[in-house]
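Read through the structure below, which is laid out as structure tokens, and then see the notes.
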Amino acid sequence: MTRAVLRRCRALSGRARGLTRGMSLRWKIAALLAAGCALVAVTIGLLIHQSRAAQIAATARESATAQLIRVRQLYELTGQVDQGDTEAALDHPALPEPLRKSARDGKRSTFLDLDGAHPAVWAARPVGDRVLSVRQPLDAAMDELQELDGQLVAWGAVVVGLAALGGAGLASRLSRELRTAAATARRISRGELDARIGQSAPAGRQDEVAELACAVDTMAASLQRRLEAEQRFTADVAHELRTPLTGLHTAAELLPPSRPTELVRDRVSALRTLTEDLLEVARLDANAEEPHLEVVPLDVAVEGILQRCGLAVELALPARAAAAGDPGGTEALGTLDALDTLVRTDVRRLERIVANLIANARRHGAEPVEVTVDGTSVSVRDHGPGFPERLLKDGPQRFVTGAKERGQGTGLGLTIAMGQAHVIGAEVALRNAEDGGAVAVVSLPGGEVGE
């Protein structure tokens with residue numbers, strides 16, 4: 001009996017594990033709690049069933065034995081078998097063979113016959129060379145046992161259902177708090193360093209989820225302090241360098257023309273550019289940039305940016321070229337206002353983005369550098385070795401330029417482009433062209449006249 005119960009428990013546990021795969025934590029807890037209660041209910045039900053069945057069997061055997069004694073006494077006194085309601089008989093033809101054999105061996109014994117349609121208990125003993133037996137039907141006792149089994153199943157189902165509902169209710173709070181913690185962690189990873197989970201448990205009660213929330217909040221606060229300190233340090237250093245660099249730049253301009261003077265001016269210019277880049281990165285990190293958005297034709301805006309920057313690149317306007325009968329898209333013919341795509345952007349910041357992407361392409365890639373305006377996007381492509389895999393996977397890192405074959409630099413150009421794009425609501429996607437070269441695509445939000 002114990003082994004059978006253990007086998008049933010193992011089978012139910014295996015089914016429960018199989019059903020919980022792919023479920024949310026809430027339903028896993030509810031299912032496991034219901035499965036546990038079901039195991040307990042099955043175990044208790046089996047024990048009660050076995051106990052009641054053993055009790056019925058013991059009572060039936062005692063009653064049959066008592067009836068056999070009474071019938072034997074009457075037989076010895078009267079020489080007749082009083083059948084009554086006990087079905088007493090001598091050499092009963094339906095007497096079970098094991099019981100007949102035991103009686104012929106001179107033993108008084110009982111036998112439970114539960115296999116037939118009408119269960120009964122037999123008792124028999126030898127009388128001379130014959131076998132005296134009695135039979136008592138157990139239909140009423142078996143019906144009672146089946147009714148008990150039905151009640152056990154019904155109440156077990158009720159208990160399991162209540163356990164599932166209770167488990168779902170308890171797990172809902174746990175699942176909600178864990179989802180809140182996960183959402184907060186994602187917000188922190190996106191740069192919202194002031195995001196916090198908050199107290200998830202009443203005062204005086206700290207469970208594992210509350211400890212997790214406290215740990216995440218502590219980590220976020222520590223990370224925020226460190227990053228803010230780093231941003232302040234970067235901004236302070238860059239700001240303090242501006243004054244001496246301005247004087248150094250002025251002094252370099254006063255030097256007499258010579259090769260050493262050119263080297264000094266070049267290094268001073270590079271240092272000044274780096275300082276301005278650091279200040280810009282610090283402002284972007286501090287979310288101190290406020291865009292001045294306006295609706296402009298993207299084609300015209302990009303043409304103006306390239307003219308102001310004086311950058312020698314190949315500009316392709318597919319929409320205009322197609323309308324002018326040049327499907328290749330390499331010939332730009334005049335301004336076709338009807339074909340200009342309107343975007344909502346800050347032209348000054350868009351200029352900063354495009355200029356940085358072109359400078360990055362020329363510094364780390366190879367000529368020619370192509371700028372293509374297609375719809376609401378601007379793409380900048382070079383024909384060099386392409387972006388390193390780590391940069392495509394993790395994004396641009398400050399002062400990290402990636403592979404050696406892409407040249408030297410500070411690694412701030414792409415960082416600034418990404419930051420300015422975020423300010424104006426644009427997106428910058430980096431990829432490598434199939435036939436070689438790095439491609440950076442700036443996708444801008446569309447605009448309408450009158451905005």
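Identifiers in this document derive from the order of the structure tokens: chains are assigned A, B, ..., residues are numbered from 1 separately in each chain, and ligands are numbered from 1 in order of occurrence.
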
Review point. Using only C-alpha atoms, which residues sit within 9 Å of A:Ile358 once same-chain residues fewer than 3 positions away are excluded, as an MDAnalysis selection string?
Key: chainID A and resid 311 313 353:355 361:363 369:371 380:382

Point to revise | Residues near A:Ala286, cut-off 10 Å, only C-alpha atoms, skip fewer than 4 positions along chain, as a PyMOL selection string | key: chain A and resi 227-228+231-232+235+280-282

Just the residues within 8 Å of stretch 138-149 of chain A, please, counting only C-alpha atoms, with nothing from its chain fewer than 2 positions along; format it as a compact mmCIF listing (two decimals) with C-alpha atoms, in the first residue's frame.
# COMPACT_ATOMS: atom_id res chain seq x y z
CA GLY A 45 -7.85 9.45 0.86
CA HIS A 49 -9.93 4.01 2.18
CA ARG A 52 -12.09 1.65 6.31
CA ALA A 53 -11.71 -1.39 4.01
CA ILE A 56 -15.04 -3.65 7.18
CA ALA A 60 -17.14 -9.14 8.48
CA HIS A 118 -21.87 -9.79 -5.10
CA PRO A 119 -19.01 -9.55 -2.59
CA ALA A 120 -19.30 -11.73 0.51
CA VAL A 121 -17.39 -13.19 3.44
CA GLN A 136 -22.65 -13.27 4.60
CA GLN A 151 -17.08 11.89 -0.66
CA LEU A 152 -13.30 11.78 -0.34
CA VAL A 153 -12.90 12.59 -4.05

Review point. For A:Val347, which of A:Arg70, A:Arg61, A:His292, A:Lys28 is the closest residue, counting only C-alpha atoms?
Key: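 Ranked by minimum distance to A:Val347, first place goes to A:His292.
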
Exercise for review: Identify which of the residues A:Val378, A:Val295, A:Leu414, A:Val134 lies closest to A:Glu448, counting only C-alpha atoms when measuring atom-to-atom distances.
Suggested key: A:Val295

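The space separating atom CA of A:Ala31 from atom CA of A:Leu46 comes to 21.9 Å.
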
Practice item. Do a neighbour search on A:Ser133 at 8 Å with only C-alpha atoms, toss out local chain neighbours closer than 6 positions, and write the hits as a ChimeraX atom specification. Key: /A:68,88-92,95,122-125

Check your understanding: Closest to A:Leu278 among A:Asn432, A:Thr218, A:Ser102, A:Thr415, using only C-alpha atoms?
Key -> A:Thr415

**Study point:** Contacts of A:Ala426 at 6 Å (only C-alpha atoms; same-chain gap of 4+ positions) as a list in words
**Key:** Ala421, His422, Ser443 and Leu444 of chain A

Point to revise | Per-residue DSSP, stretch 96-219 of chain A, filtered to helix (DSSP H, G or I), as a VMD selection string | key: chain A and resid 97 to 104 139 to 189 208 to 219

**Study point:** Nearest-residue call for A:Glu177, choices A:Glu208, A:Glu240, A:Glu230, A:Glu434, using only C-alpha atoms
**Key:**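 Nearest candidate to A:Glu177 out of A:Glu208, A:Glu240, A:Glu230, A:Glu434: A:Glu208.
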
Review point. Residues at most 10 Å from A:Val216, counting only C-alpha atoms, excluding those fewer than 6 positions away in the same chain, as a ChimeraX atom specification?
Key: /A:181-182,184-185,188,196-198,210,222

All heavy atoms of the current selection, written as a PDB file, in the first residue's frame:
ATOM      1  N   ALA A 181       9.825  45.067 -10.090  1.00  0.00           N
ATOM      2  CA  ALA A 181      11.284  45.107  -9.957  1.00  0.00           C
ATOM      3  C   ALA A 181      11.962  44.977 -11.320  1.00  0.00           C
ATOM      4  O   ALA A 181      12.922  45.693 -11.622  1.00  0.00           O
ATOM      5  CB  ALA A 181      11.755  43.993  -9.017  1.00  0.00           C
ATOM      6  N   ALA A 182      11.444  44.069 -12.162  1.00  0.00           N
ATOM      7  CA  ALA A 182      12.035  43.887 -13.494  1.00  0.00           C
ATOM      8  C   ALA A 182      11.851  45.138 -14.351  1.00  0.00           C
ATOM      9  O   ALA A 182      12.778  45.558 -15.054  1.00  0.00           O
ATOM     10  CB  ALA A 182      11.400  42.676 -14.177  1.00  0.00           C
ATOM     11  N   THR A 184      11.500  48.203 -13.295  1.00  0.00           N
ATOM     12  CA  THR A 184      12.383  49.253 -12.768  1.00  0.00           C
ATOM     13  C   THR A 184      13.822  49.017 -13.193  1.00  0.00           C
ATOM     14  O   THR A 184      14.540  49.965 -13.555  1.00  0.00           O
ATOM     15  CB  THR A 184      12.283  49.294 -11.234  1.00  0.00           C
ATOM     16  OG1 THR A 184      10.918  49.489 -10.847  1.00  0.00           O
ATOM     17  CG2 THR A 184      13.123  50.423 -10.672  1.00  0.00           C
ATOM     18  N   ALA A 185      14.253  47.760 -13.160  1.00  0.00           N
ATOM     19  CA  ALA A 185      15.621  47.454 -13.595  1.00  0.00           C
ATOM     20  C   ALA A 185      15.811  47.804 -15.068  1.00  0.00           C
ATOM     21  O   ALA A 185      16.873  48.324 -15.458  1.00  0.00           O
ATOM     22  CB  ALA A 185      15.926  45.972 -13.359  1.00  0.00           C
ATOM     23  N   ILE A 188      16.207  51.520 -15.367  1.00  0.00           N
ATOM     24  CA  ILE A 188      17.551  51.929 -14.963  1.00  0.00           C
ATOM     25  C   ILE A 188      18.550  51.639 -16.067  1.00  0.00           C
ATOM     26  O   ILE A 188      19.439  52.449 -16.357  1.00  0.00           O
ATOM     27  CB  ILE A 188      17.951  51.204 -13.660  1.00  0.00           C
ATOM     28  CG1 ILE A 188      17.057  51.672 -12.498  1.00  0.00           C
ATOM     29  CG2 ILE A 188      19.413  51.468 -13.321  1.00  0.00           C
ATOM     30  CD1 ILE A 188      17.268  50.885 -11.226  1.00  0.00           C
ATOM     31  N   ARG A 196      13.033  53.927  -9.015  1.00  0.00           N
ATOM     32  CA  ARG A 196      13.135  53.127  -7.794  1.00  0.00           C
ATOM     33  C   ARG A 196      11.916  52.213  -7.676  1.00  0.00           C
ATOM     34  O   ARG A 196      10.828  52.550  -8.136  1.00  0.00           O
ATOM     35  CB  ARG A 196      13.207  54.025  -6.539  1.00  0.00           C
ATOM     36  CG  ARG A 196      14.411  54.943  -6.488  1.00  0.00           C
ATOM     37  CD  ARG A 196      15.703  54.176  -6.291  1.00  0.00           C
ATOM     38  NE  ARG A 196      16.831  55.086  -6.156  1.00  0.00           N
ATOM     39  CZ  ARG A 196      17.544  55.559  -7.167  1.00  0.00           C
ATOM     40  NH1 ARG A 196      17.227  55.212  -8.416  1.00  0.00           N
ATOM     41  NH2 ARG A 196      18.544  56.377  -6.965  1.00  0.00           N
ATOM     42  N   ILE A 197      12.126  51.072  -7.050  1.00  0.00           N
ATOM     43  CA  ILE A 197      11.019  50.144  -6.810  1.00  0.00           C
ATOM     44  C   ILE A 197      10.169  50.625  -5.655  1.00  0.00           C
ATOM     45  O   ILE A 197       8.950  50.574  -5.669  1.00  0.00           O
ATOM     46  CB  ILE A 197      11.557  48.727  -6.522  1.00  0.00           C
ATOM     47  CG1 ILE A 197      12.349  48.221  -7.725  1.00  0.00           C
ATOM     48  CG2 ILE A 197      10.411  47.771  -6.214  1.00  0.00           C
ATOM     49  CD1 ILE A 197      13.002  46.878  -7.484  1.00  0.00           C
ATOM     50  N   GLY A 198      10.819  51.090  -4.597  1.00  0.00           N
ATOM     51  CA  GLY A 198      10.105  51.540  -3.413  1.00  0.00           C
ATOM     52  C   GLY A 198       9.879  50.401  -2.446  1.00  0.00           C
ATOM     53  O   GLY A 198      10.160  49.239  -2.718  1.00  0.00           O
ATOM     54  N   ALA A 210      11.011  41.882  -0.734  1.00  0.00           N
ATOM     55  CA  ALA A 210      11.360  43.195  -0.188  1.00  0.00           C
ATOM     56  C   ALA A 210      12.873  43.380  -0.136  1.00  0.00           C
ATOM     57  O   ALA A 210      13.391  44.471  -0.408  1.00  0.00           O
ATOM     58  CB  ALA A 210      10.754  43.354   1.206  1.00  0.00           C
ATOM     59  N   SER A 222      23.372  53.961  -5.663  1.00  0.00           N
ATOM     60  CA  SER A 222      24.827  54.001  -5.714  1.00  0.00           C
ATOM     61  C   SER A 222      25.329  54.278  -7.129  1.00  0.00           C
ATOM     62  O   SER A 222      26.244  55.084  -7.340  1.00  0.00           O
ATOM     63  CB  SER A 222      25.390  52.666  -5.211  1.00  0.00           C
ATOM     64  OG  SER A 222      26.800  52.636  -5.325  1.00  0.00           O
TER      65      SER A 222
END

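When only C-alpha atoms are used to compute distances to A:Leu223, the closest of the residues A:Leu306, A:Leu174, A:Leu193, A:Val428 turns out to be A:Leu193.
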
Review point. What does the distance from atom CA of A:Leu315 to atom CA of A:Thr372 come to in Å, to one decimal?
Key: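 Separating atom CA of A:Leu315 from atom CA of A:Thr372 is a distance of 5.8 Å.
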